[in-house]
$ cat work.txt   # compact mmCIF, C-alpha atoms
# COMPACT_ATOMS: atom_id res chain seq x y z
CA MET A 1 89.92 70.75 116.07
CA PRO A 2 91.43 71.61 119.46
CA ALA A 3 90.89 75.17 120.62
CA ALA A 4 93.65 77.41 121.94
CA SER A 5 93.11 78.97 125.34
CA THR A 6 94.19 82.56 125.84
CA ASP A 7 96.02 84.52 128.48
CA GLY A 8 94.57 87.62 130.07
CA ALA A 9 95.62 89.77 127.11
CA GLY A 10 93.80 87.62 124.58
CA VAL A 11 97.00 85.94 123.33
CA PRO A 12 96.77 82.16 122.85
CA GLY A 13 98.30 80.49 125.90
CA HIS A 14 98.47 77.01 124.38
CA MET A 15 99.42 75.82 120.94
CA LEU A 16 96.78 75.06 118.35
CA VAL A 17 97.24 72.06 116.06
CA ASP A 18 94.35 71.06 113.84
CA ASP A 19 94.50 67.27 113.36
CA ARG A 20 94.71 67.74 109.60
CA PHE A 21 97.96 69.71 109.96
CA THR A 22 99.90 67.48 112.36
CA ALA A 23 102.46 66.56 109.67
CA VAL A 24 103.24 70.26 109.19
CA ALA A 25 103.64 70.75 112.94
CA ALA A 26 105.98 67.76 113.20
CA LYS A 27 108.28 69.14 110.49
CA PHE A 28 108.28 72.56 112.13
CA PHE A 29 109.25 71.18 115.56
CA ALA A 30 112.10 69.23 113.94
CA MET A 31 113.63 72.50 112.78
CA PHE A 32 114.25 73.74 116.34
CA ARG A 33 115.51 70.74 118.30
CA ARG A 34 118.88 72.19 119.27
CA LYS A 35 119.71 75.46 120.99
CA ASN A 36 121.99 76.53 118.13
CA GLN A 37 118.97 76.38 115.80
CA GLY A 38 117.39 79.30 117.63
CA GLY A 39 113.63 79.49 117.71
CA GLY A 40 110.57 80.39 115.72
CA ALA A 41 106.82 80.28 115.31
CA LEU A 42 104.44 79.13 112.61
CA ALA A 43 100.78 80.04 112.20
CA VAL A 44 98.27 79.06 109.51
CA TYR A 45 94.75 80.22 108.67
CA LEU A 46 92.48 78.19 106.39
CA ARG A 47 89.37 79.85 104.99
CA GLY A 48 89.53 82.50 107.67
CA GLU A 49 90.01 80.21 110.68
CA PRO A 50 93.22 79.33 112.57
CA VAL A 51 94.42 75.76 112.11
CA LEU A 52 98.01 76.05 113.37
CA ASP A 53 99.60 78.28 116.01
CA ILE A 54 102.85 76.74 117.24
CA TRP A 55 106.30 77.77 118.44
CA ALA A 56 109.56 76.13 119.48
CA GLY A 57 113.20 76.69 120.36
CA TRP A 58 115.00 79.59 121.96
CA ALA A 59 114.36 83.33 121.82
CA ASP A 60 117.77 83.96 123.39
CA SER A 61 120.56 81.88 124.90
CA ASP A 62 118.76 81.73 128.26
CA ARG A 63 115.14 82.22 127.22
CA ARG A 64 112.73 79.86 125.46
CA TRP A 65 110.47 81.01 122.64
CA ARG A 66 107.05 81.73 124.12
CA THR A 67 103.52 82.28 122.86
CA ASN A 68 104.06 86.04 122.50
CA SER A 69 107.70 86.07 121.33
CA MET A 70 108.31 88.19 118.26
CA ALA A 71 111.23 88.99 115.99
CA LEU A 72 112.45 91.60 113.56
CA SER A 73 111.54 90.05 110.22
CA TYR A 74 113.27 92.28 107.65
CA SER A 75 111.39 92.54 104.33
CA THR A 76 108.36 90.71 105.67
CA GLY A 77 107.34 94.25 106.62
CA LYS A 78 107.04 95.27 102.97
CA GLY A 79 103.92 93.14 102.58
CA VAL A 80 102.51 94.60 105.79
CA THR A 81 103.20 98.14 104.57
CA ALA A 82 101.62 97.38 101.19
CA THR A 83 98.48 96.08 102.92
CA VAL A 84 98.06 99.41 104.71
CA ALA A 85 98.31 101.11 101.30
CA HIS A 86 95.66 98.82 99.82
CA ARG A 87 93.27 99.68 102.64
CA LEU A 88 93.71 103.37 101.72
CA ILE A 89 93.41 102.66 97.98
CA GLU A 90 90.12 100.82 98.28
CA ARG A 91 88.60 103.75 100.19
CA GLY A 92 89.82 106.26 97.61
CA VAL A 93 92.28 107.96 99.97
CA LEU A 94 94.98 106.96 97.47
CA GLU A 95 94.60 106.28 93.76
CA LEU A 96 96.73 103.48 92.38
CA ASP A 97 97.58 105.20 89.09
CA ALA A 98 97.85 108.74 90.44
CA PRO A 99 101.27 110.44 90.50
CA VAL A 100 102.94 110.34 93.88
CA ALA A 101 103.44 114.10 93.59
CA ASN A 102 99.67 114.60 93.87
CA TYR A 103 100.07 113.75 97.56
CA TRP A 104 103.72 114.65 98.09
CA PRO A 105 104.53 117.72 95.96
CA GLU A 106 108.28 117.74 96.73
CA PHE A 107 108.52 114.29 95.17
CA ALA A 108 108.17 115.78 91.68
CA ALA A 109 111.76 117.11 91.79
CA ARG A 110 114.32 115.94 89.24
CA GLY A 111 111.97 114.31 86.78
CA LYS A 112 109.80 112.26 89.14
CA GLY A 113 106.53 114.08 88.55
CA ASP A 114 104.97 111.23 86.57
CA ILE A 115 105.94 108.34 88.85
CA THR A 116 102.76 106.71 90.12
CA ILE A 117 101.81 104.88 93.28
CA ARG A 118 101.53 101.69 91.22
CA GLU A 119 105.15 102.11 90.11
CA VAL A 120 106.25 102.59 93.73
CA LEU A 121 104.43 99.41 94.78
CA ASN A 122 105.97 97.58 91.79
CA HIS A 123 109.54 98.67 92.73
CA ARG A 124 109.80 100.80 89.58
CA ALA A 125 110.37 104.23 91.12
CA GLY A 126 114.16 104.04 90.68
CA LEU A 127 114.81 105.19 94.26
CA GLN A 128 116.53 102.14 95.72
CA ARG A 129 119.76 103.98 96.53
CA THR A 130 120.77 104.42 100.18
CA ARG A 131 124.56 104.76 99.90
CA ASP A 132 125.45 108.45 100.07
CA LEU A 133 121.75 109.33 100.20
CA VAL A 134 122.20 111.43 103.36
CA ALA A 135 125.31 113.14 104.73
CA ASP A 136 125.15 111.57 108.20
CA SER A 137 124.77 107.78 108.31
CA ASP A 138 122.76 108.08 111.53
CA ASP A 139 120.05 109.79 109.49
CA LEU A 140 119.48 106.55 107.59
CA LEU A 141 117.30 105.53 110.55
CA ASP A 142 115.38 108.81 110.42
CA HIS A 143 112.21 108.47 108.34
CA ASP A 144 111.86 112.19 107.65
CA ALA A 145 115.49 112.57 106.57
CA VAL A 146 115.38 109.58 104.23
CA ALA A 147 112.03 110.61 102.72
CA ALA A 148 113.25 114.16 102.09
CA ALA A 149 116.46 112.89 100.49
CA MET A 150 114.55 110.56 98.15
CA ALA A 151 112.18 113.36 97.18
CA ALA A 152 115.20 115.45 96.17
CA SER A 153 116.90 112.61 94.27
CA ALA A 154 116.92 111.77 90.58
CA PRO A 155 115.52 108.29 89.80
CA ASP A 156 117.68 105.52 88.42
CA PRO A 157 117.10 105.49 84.62
CA LEU A 158 117.11 101.68 84.69
CA ARG A 159 113.62 101.88 86.20
CA LEU A 160 112.25 102.43 82.69
CA ARG A 161 113.58 99.03 81.63
CA ALA A 162 112.90 96.83 84.66
CA SER A 163 111.96 96.71 88.31
CA GLY A 164 114.67 97.59 90.83
CA TYR A 165 114.11 96.14 94.28
CA HIS A 166 113.83 98.94 96.85
CA GLY A 167 115.27 96.85 99.66
CA LEU A 168 115.63 99.56 102.31
CA THR A 169 113.56 102.39 100.83
CA PHE A 170 110.26 100.77 99.80
CA GLY A 171 108.65 101.15 103.21
CA THR A 172 109.78 104.75 103.60
CA LEU A 173 108.26 105.68 100.24
CA VAL A 174 104.92 104.00 100.93
CA ALA A 175 104.73 105.29 104.50
CA GLU A 176 105.45 108.88 103.45
CA ILE A 177 102.82 108.73 100.70
CA ALA A 178 100.29 107.40 103.21
CA GLN A 179 101.20 110.09 105.74
CA ARG A 180 100.87 112.87 103.17
CA ALA A 181 97.49 111.57 101.95
CA THR A 182 96.01 111.21 105.44
CA GLY A 183 97.87 113.75 107.59
CA ARG A 184 98.54 110.98 110.12
CA ASP A 185 101.67 109.20 111.34
CA PHE A 186 102.27 105.86 109.68
CA THR A 187 102.42 104.04 113.01
CA ASP A 188 98.92 105.38 113.72
CA LEU A 189 97.80 104.13 110.31
CA VAL A 190 99.16 100.67 111.11
CA ARG A 191 96.96 100.72 114.21
CA SER A 192 93.79 101.79 112.39
CA GLU A 193 94.34 99.85 109.15
CA LEU A 194 95.74 96.58 110.51
CA ARG A 195 95.71 96.17 114.27
CA GLU A 196 92.12 97.21 114.83
CA PRO A 197 90.46 95.47 111.86
CA LEU A 198 92.41 92.26 112.50
CA GLY A 199 92.20 92.41 116.29
CA ASP A 200 95.94 91.77 116.62
CA ASN A 201 98.40 94.27 118.08
CA ASP A 202 101.62 92.66 116.90
CA PHE A 203 102.50 94.77 113.88
CA TRP A 204 105.41 96.93 115.04
CA PHE A 205 107.62 99.43 113.23
CA GLY A 206 109.51 100.62 116.27
CA VAL A 207 108.99 98.68 119.50
CA PRO A 208 108.11 100.49 122.75
CA ASP A 209 110.18 99.76 125.83
CA ASN A 210 107.35 97.92 127.57
CA GLN A 211 107.23 95.33 124.74
CA ARG A 212 110.94 94.68 124.31
CA GLN A 213 111.09 91.78 126.74
CA ARG A 214 109.23 89.82 124.06
CA LEU A 215 111.91 90.28 121.40
CA ALA A 216 113.84 87.28 120.13
CA ARG A 217 117.52 88.01 119.58
CA LEU A 218 118.65 87.63 115.94
CA SER A 219 121.77 85.73 114.90
CA PRO A 220 124.09 85.09 113.14
CA ARG A 221 125.29 88.14 111.19
CA LEU A 222 123.92 88.42 107.67
CA GLY A 223 126.23 87.11 105.00
CA ILE A 224 127.37 84.25 102.79
CA ALA A 225 130.23 82.01 103.92
CA ARG A 226 130.95 84.51 106.73
CA VAL A 227 131.33 87.42 104.31
CA PRO A 228 129.14 90.34 105.52
CA PHE A 229 126.08 90.91 103.37
CA ASP A 230 126.58 94.63 102.79
CA THR A 231 130.15 94.19 101.54
CA LEU A 232 129.58 91.15 99.34
CA ILE A 233 129.10 93.09 96.11
CA ALA A 234 131.60 95.90 96.72
CA PRO A 235 134.18 94.42 94.27
CA PHE A 236 131.59 94.62 91.48
CA ALA A 237 130.76 98.29 91.90
CA SER A 238 132.17 99.11 88.46
CA VAL A 239 129.59 96.87 86.77
CA LYS A 240 126.57 99.02 86.01
CA VAL A 241 123.86 96.62 87.14
CA MET A 242 125.84 95.50 90.19
CA ASN A 243 126.46 99.12 91.09
CA SER A 244 122.69 99.62 91.28
CA ALA A 245 122.52 96.63 93.63
CA ARG A 246 125.40 97.86 95.77
CA SER A 247 123.86 101.31 96.10
CA ALA A 248 120.70 99.78 97.62
CA VAL A 249 122.46 98.77 100.87
CA TYR A 250 124.84 100.87 102.93
CA ASP A 251 127.97 99.72 104.78
CA GLY A 252 127.25 98.63 108.33
CA TRP A 253 123.54 98.06 107.82
CA ALA A 254 123.61 94.27 108.32
CA ASP A 255 125.47 94.34 111.63
CA MET A 256 123.45 97.30 112.87
CA THR A 257 120.20 95.36 112.43
CA LEU A 258 121.33 92.80 115.02
CA GLY A 259 121.49 95.43 117.77
CA MET A 260 118.82 97.52 119.47
CA ARG A 261 118.87 100.62 117.24
CA PRO A 262 116.24 99.35 114.76
CA TYR A 263 113.65 99.12 117.53
CA ASP A 264 113.78 102.88 118.01
CA ALA A 265 113.15 103.62 114.32
CA MET A 266 110.37 103.40 111.75
CA MET A 267 111.78 101.86 108.58
CA PRO A 268 108.82 99.85 107.27
CA GLY A 269 110.78 98.31 104.40
CA TRP A 270 112.93 96.25 106.76
CA ASN A 271 112.47 96.80 110.52
CA GLY A 272 109.02 95.30 111.08
CA VAL A 273 108.64 93.17 114.21
CA PHE A 274 105.86 90.58 114.19
CA THR A 275 104.54 87.36 115.61
CA ALA A 276 103.82 84.56 113.16
CA ARG A 277 100.22 84.77 114.37
CA ALA A 278 99.83 88.38 113.19
CA ILE A 279 101.39 87.72 109.78
CA ALA A 280 99.28 84.61 109.21
CA LYS A 281 96.11 86.45 110.16
CA MET A 282 96.81 89.24 107.67
CA TYR A 283 97.62 86.85 104.84
CA GLY A 284 94.73 84.65 105.93
CA ALA A 285 92.45 87.58 105.14
CA ILE A 286 94.17 88.29 101.82
CA GLY A 287 93.78 84.63 100.90
CA ASN A 288 90.11 84.51 101.90
CA ASP A 289 88.47 87.38 99.99
CA GLY A 290 89.56 89.84 102.67
CA LEU A 291 87.81 88.08 105.56
CA VAL A 292 89.34 86.35 108.60
CA GLY A 293 86.97 85.02 111.21
CA HIS A 294 84.21 87.64 111.38
CA ARG A 295 86.61 90.49 110.63
CA ARG A 296 86.92 92.12 107.23
CA LEU A 297 90.33 93.51 106.33
CA LEU A 298 89.87 94.14 102.59
CA ARG A 299 87.07 94.03 100.04
CA PRO A 300 86.94 90.97 97.75
CA GLU A 301 87.72 93.11 94.71
CA THR A 302 90.90 94.34 96.42
CA THR A 303 92.14 90.85 97.19
CA ARG A 304 91.32 89.75 93.62
CA ARG A 305 93.41 92.62 92.27
CA ILE A 306 96.29 91.71 94.59
CA ALA A 307 96.05 88.02 93.60
CA GLU A 308 96.38 88.71 89.87
CA MET A 309 100.17 89.09 90.19
CA PRO A 310 100.72 90.17 86.55
CA PRO A 311 104.27 90.06 85.15
CA ASN A 312 106.21 93.18 86.08
CA SER A 313 109.51 92.86 84.24
CA ARG A 314 111.75 90.14 82.85
CA TYR A 315 114.45 90.81 85.42
CA ASP A 316 115.18 93.04 88.39
CA TYR A 317 118.21 95.28 87.99
CA VAL A 318 118.98 95.21 91.73
CA LEU A 319 118.44 91.51 92.43
CA GLY A 320 119.60 90.26 89.04
CA ALA A 321 116.68 87.82 88.88
CA PRO A 322 113.00 87.82 87.86
CA PRO A 323 111.25 88.37 91.22
CA HIS A 324 107.71 88.98 89.88
CA PHE A 325 106.80 91.89 92.14
CA ALA A 326 103.30 93.31 91.92
CA LEU A 327 101.48 95.86 94.08
CA GLY A 328 103.82 95.47 97.05
CA TYR A 329 104.06 91.67 97.17
CA HIS A 330 105.93 89.02 95.21
CA ARG A 331 105.06 85.59 93.92
CA ALA A 332 105.86 83.06 96.59
CA ILE A 333 108.23 80.12 96.48
CA VAL A 334 106.33 77.02 97.59
CA GLY A 335 108.48 73.91 97.81
CA THR A 336 110.78 74.38 94.83
CA ARG A 337 108.32 76.37 92.72
CA LEU A 338 107.92 80.09 92.20
CA THR A 339 104.17 79.94 91.78
CA ARG A 340 101.63 82.43 90.51
CA GLN A 341 98.98 80.92 92.80
CA ALA A 342 100.65 82.16 95.97
CA LEU A 343 101.90 85.61 96.94
CA GLY A 344 103.36 87.33 99.95
CA HIS A 345 106.67 88.71 101.10
CA PHE A 346 109.73 86.94 102.49
CA GLY A 347 112.43 88.58 104.57
CA ILE A 348 116.13 87.83 104.47
CA GLY A 349 117.00 85.36 107.18
CA GLY A 350 113.91 83.21 106.61
CA SER A 351 110.82 84.89 108.06
CA GLY A 352 107.84 85.73 105.86
CA GLY A 353 104.18 85.42 105.00
CA ILE A 354 102.22 83.77 102.20
CA ALA A 355 98.63 83.84 100.94
CA ASN A 356 97.17 81.30 98.53
CA PRO A 357 93.75 82.66 97.48
CA SER A 358 92.86 79.49 95.54
CA LEU A 359 92.92 77.60 98.84
CA GLY A 360 91.82 80.36 101.23
CA LEU A 361 95.19 79.95 102.94
CA GLY A 362 97.42 82.29 104.97
CA ILE A 363 100.82 81.36 106.44
CA GLY A 364 103.13 83.25 108.80
CA PHE A 365 106.62 82.13 109.82
CA VAL A 366 108.93 84.08 112.13
CA THR A 367 112.39 83.04 113.29
CA ASN A 368 115.39 84.57 115.03
CA HIS A 369 117.87 82.11 113.49
CA LEU A 370 118.91 83.73 110.23
CA GLY A 371 119.37 81.29 107.37
CA ASN A 372 121.51 78.15 107.55
CA HIS A 373 125.15 77.11 107.97
CA ALA A 374 126.03 78.13 104.41
CA MET A 375 124.46 81.58 104.46
CA SER A 376 122.28 83.62 106.75
CA LEU A 377 120.46 85.59 104.03
CA GLY A 378 117.73 82.98 103.70
CA ASP A 379 116.90 79.32 103.39
CA ALA A 380 114.16 76.89 102.42
CA ARG A 381 112.35 76.58 105.75
CA LEU A 382 109.32 78.72 104.84
CA PRO A 383 108.98 77.36 101.25
CA PHE A 384 109.23 73.82 102.62
CA LEU A 385 106.63 74.43 105.33
CA ALA A 386 104.40 76.23 102.82
CA ALA A 387 104.47 73.21 100.49
CA LEU A 388 103.49 70.86 103.31
CA THR A 389 100.79 73.29 104.44
CA GLU A 390 99.33 73.55 100.95
CA ARG A 391 99.21 69.79 100.69
CA ALA A 392 97.41 69.53 104.04
CA ALA A 393 95.01 72.31 103.04
CA ARG A 394 94.15 70.60 99.77
CA ALA A 395 93.39 67.40 101.62
CA ALA A 396 91.34 69.30 104.20
CA ILE A 397 89.11 70.88 101.58
CA GLY A 398 88.90 67.75 99.40
CA ASP A 399 91.05 69.03 96.53
CA PRO A 400 92.04 66.07 94.29
CA ALA A 401 95.45 67.70 93.71
CA ALA A 402 96.43 67.00 97.33
CA ASP A 403 98.39 63.87 96.41
CA THR A 404 100.00 65.27 93.27
CA LEU A 405 101.53 68.54 94.45
CA ASP A 406 104.91 68.52 92.71
CA GLY A 407 106.38 71.22 94.93
CA THR A 408 105.59 69.21 98.06
CA ARG A 409 107.17 66.02 96.71
CA ALA A 410 110.27 67.89 95.63
CA ALA A 411 110.62 69.70 98.95
CA SER A 412 110.11 66.64 101.09

$ encode --input "work.txt" --output "structure tokens"
Amino acid sequence: MPAASTDGAGVPGHMLVDDRFTAVAAKFFAMFRRKNQGGGALAVYLRGEPVLDIWAGWADSDRRWRTNSMALSYSTGKGVTATVAHRLIERGVLELDAPVANYWPEFAARGKGDITIREVLNHRAGLQRTRDLVADSDDLLDHDAVAAAMAASAPDPLRLRASGYHGLTFGTLVAEIAQRATGRDFTDLVRSELREPLGDNDFWFGVPDNQRQRLARLSPRLGIARVPFDTLIAPFASVKVMNSARSAVYDGWADMTLGMRPYDAMMPGWNGVFTARAIAKMYGAIGNDGLVGHRRLLRPETTRRIAEMPPNSRYDYVLGAPPHFALGYHRAIVGTRLTRQALGHFGIGGSGGIANPSLGLGIGFVTNHLGNHAMSLGDARLPFLAALTERAARAAIGDPAADTLDGTRAAS
């Protein structure tokens, strides 16, 4: 296995490609051959050790993707936020089945006194609404304003029947609970609960000025067939379930995320900025009994609880599909399969992270090119790479299923 050298800051200066994962690397590089394909990075950990750390393409029209390039990765940050919560849960700072109001008394308003932390992590708090949540739209980037408005809101009654994806509010809820329980800012908790135990600084919710030269510029605008994402479902507002979906995203959000304003804010449900290396390292620990290298992120019993991924609800009243959310993550799509063996969190546009505890595997993929020519909301790049990676991992550890992985055959 070739070793990656590092620059003076401890960041790998050369790519790492384990010989057993060359086929994965070749497919990744093929995704970024042309400038209009943007750029990206892929990192993989197997049984706690790095086996891939590669990048390609363009971070901007005049700037190549480099070893330390990073990109806003939308809902990938939900899994990062959930991992901070699990660190606090395993130490007893938070209790999974305790009411949120035990830590955040104002949250009990308007019938929310019995909503638990587990229900928040499972997207069953009924607080997905952002449209008309605050009087001034600028306050939708203000953590304190959004948290206070949710605490004063009545929950969606559909939460009692199904999960309702908290697309823009999940991170605010979890971060505020963590802040109330610890008396510390969430960005400080990210440092102590992720950066320090993992030895990786690239978990950002708000990017300081001295790091912004590393940002990859996102494009194109989010939508389907050139229709903006946040206006797609406006015609269906009179349909009850679709109205719940429409309320979860506010007008102008999609275009705003392509500018610089998100880097001044802390919205952990959607504005996380990461390298693929950082995401892979975190999920590498989750997939390896909490251990990556010689660093312990979580206890084995915590990762076993996360990996159970029990059914949550038959459908999601915001997404209109069965997403299988559990404890802040969702079941992952690998190849063409939504599998119970893998979990993580994807972001719209294509970035995301995956852990497969049965293989001791962690995958991180970050890109600035959102989706494909048909739509920019997402695509099959990460599922396809994950299927190839699983196949390579099975072969590497001598798993007889390596040659019979249906998802890999279907994807390739």

$ closest_residue --input "work.txt" --among "A:Arg246, A:Arg214, A:Arg124, A:Lys281" --to "Met70 of chain A" --atoms "only C-alpha atoms"
A:Arg214

$ closest_residue --input "work.txt" --among "A:Tyr165, A:Phe28, A:Tyr283, A:Phe384" --to "Asp316 of chain A" --atoms "all atoms listed in the file"
A:Tyr165

$ closest_residue --input "work.txt" --among "A:Ala332, A:Thr339, A:Val84, A:Gly38" --to "Leu370 of chain A" --atoms "all atoms listed in the file"
A:Gly38

$ atom_distance --input "work.txt" --atom1 "atom CA of Asp18 of chain A" --atom2 "atom CA of Gly344 of chain A"
23.2 Å

$ residues_around --input "work.txt" --residues "His123 of chain A" --least-positions-apart "2" --cutoff "10 Å" --atoms "only C-alpha atoms" --output "list in words"
Ile117, Arg118, Glu119, Val120, Leu121, Ala125, Gly126, Leu127, Gln128, Arg159, Ala162, Ser163, Gly164, Tyr165, His166, Gly167, Thr169, Phe170, Asn312, Asp316, Phe325, Ala326, Leu327, Gly328 and Tyr329 of chain A

$ atom_distance --input "work.txt" --atom1 "atom CA of Ser358 of chain A" --atom2 "atom CA of Gly287 of chain A"
7.5 Å

$ residues_around --input "work.txt" --residues "Glu106 of chain A" --least-positions-apart "3" --cutoff "9 Å" --atoms "only C-alpha atoms" --output "PyMOL selection string"
chain A and resi 101+109+148+151-152

$ residues_around --input "work.txt" --residues "Gln213 of chain A" --least-positions-apart "4" --cutoff "12 Å" --atoms "all atoms listed in the file" --output "CSV table (one decimal) with C-alpha atoms, in the frame of the given file"
chain,number,residue,atom,x,y,z
A,59,ALA,CA,114.4,83.3,121.8
A,60,ASP,CA,117.8,84.0,123.4
A,63,ARG,CA,115.1,82.2,127.2
A,65,TRP,CA,110.5,81.0,122.6
A,66,ARG,CA,107.0,81.7,124.1
A,68,ASN,CA,104.1,86.0,122.5
A,69,SER,CA,107.7,86.1,121.3
A,70,MET,CA,108.3,88.2,118.3
A,71,ALA,CA,111.2,89.0,116.0
A,207,VAL,CA,109.0,98.7,119.5
A,208,PRO,CA,108.1,100.5,122.8
A,209,ASP,CA,110.2,99.8,125.8
A,217,ARG,CA,117.5,88.0,119.6

$ closest_residue --input "work.txt" --among "A:Leu298, A:Val100, A:Met282, A:Ala254" --to "His86 of chain A" --atoms "all atoms listed in the file"
A:Leu298
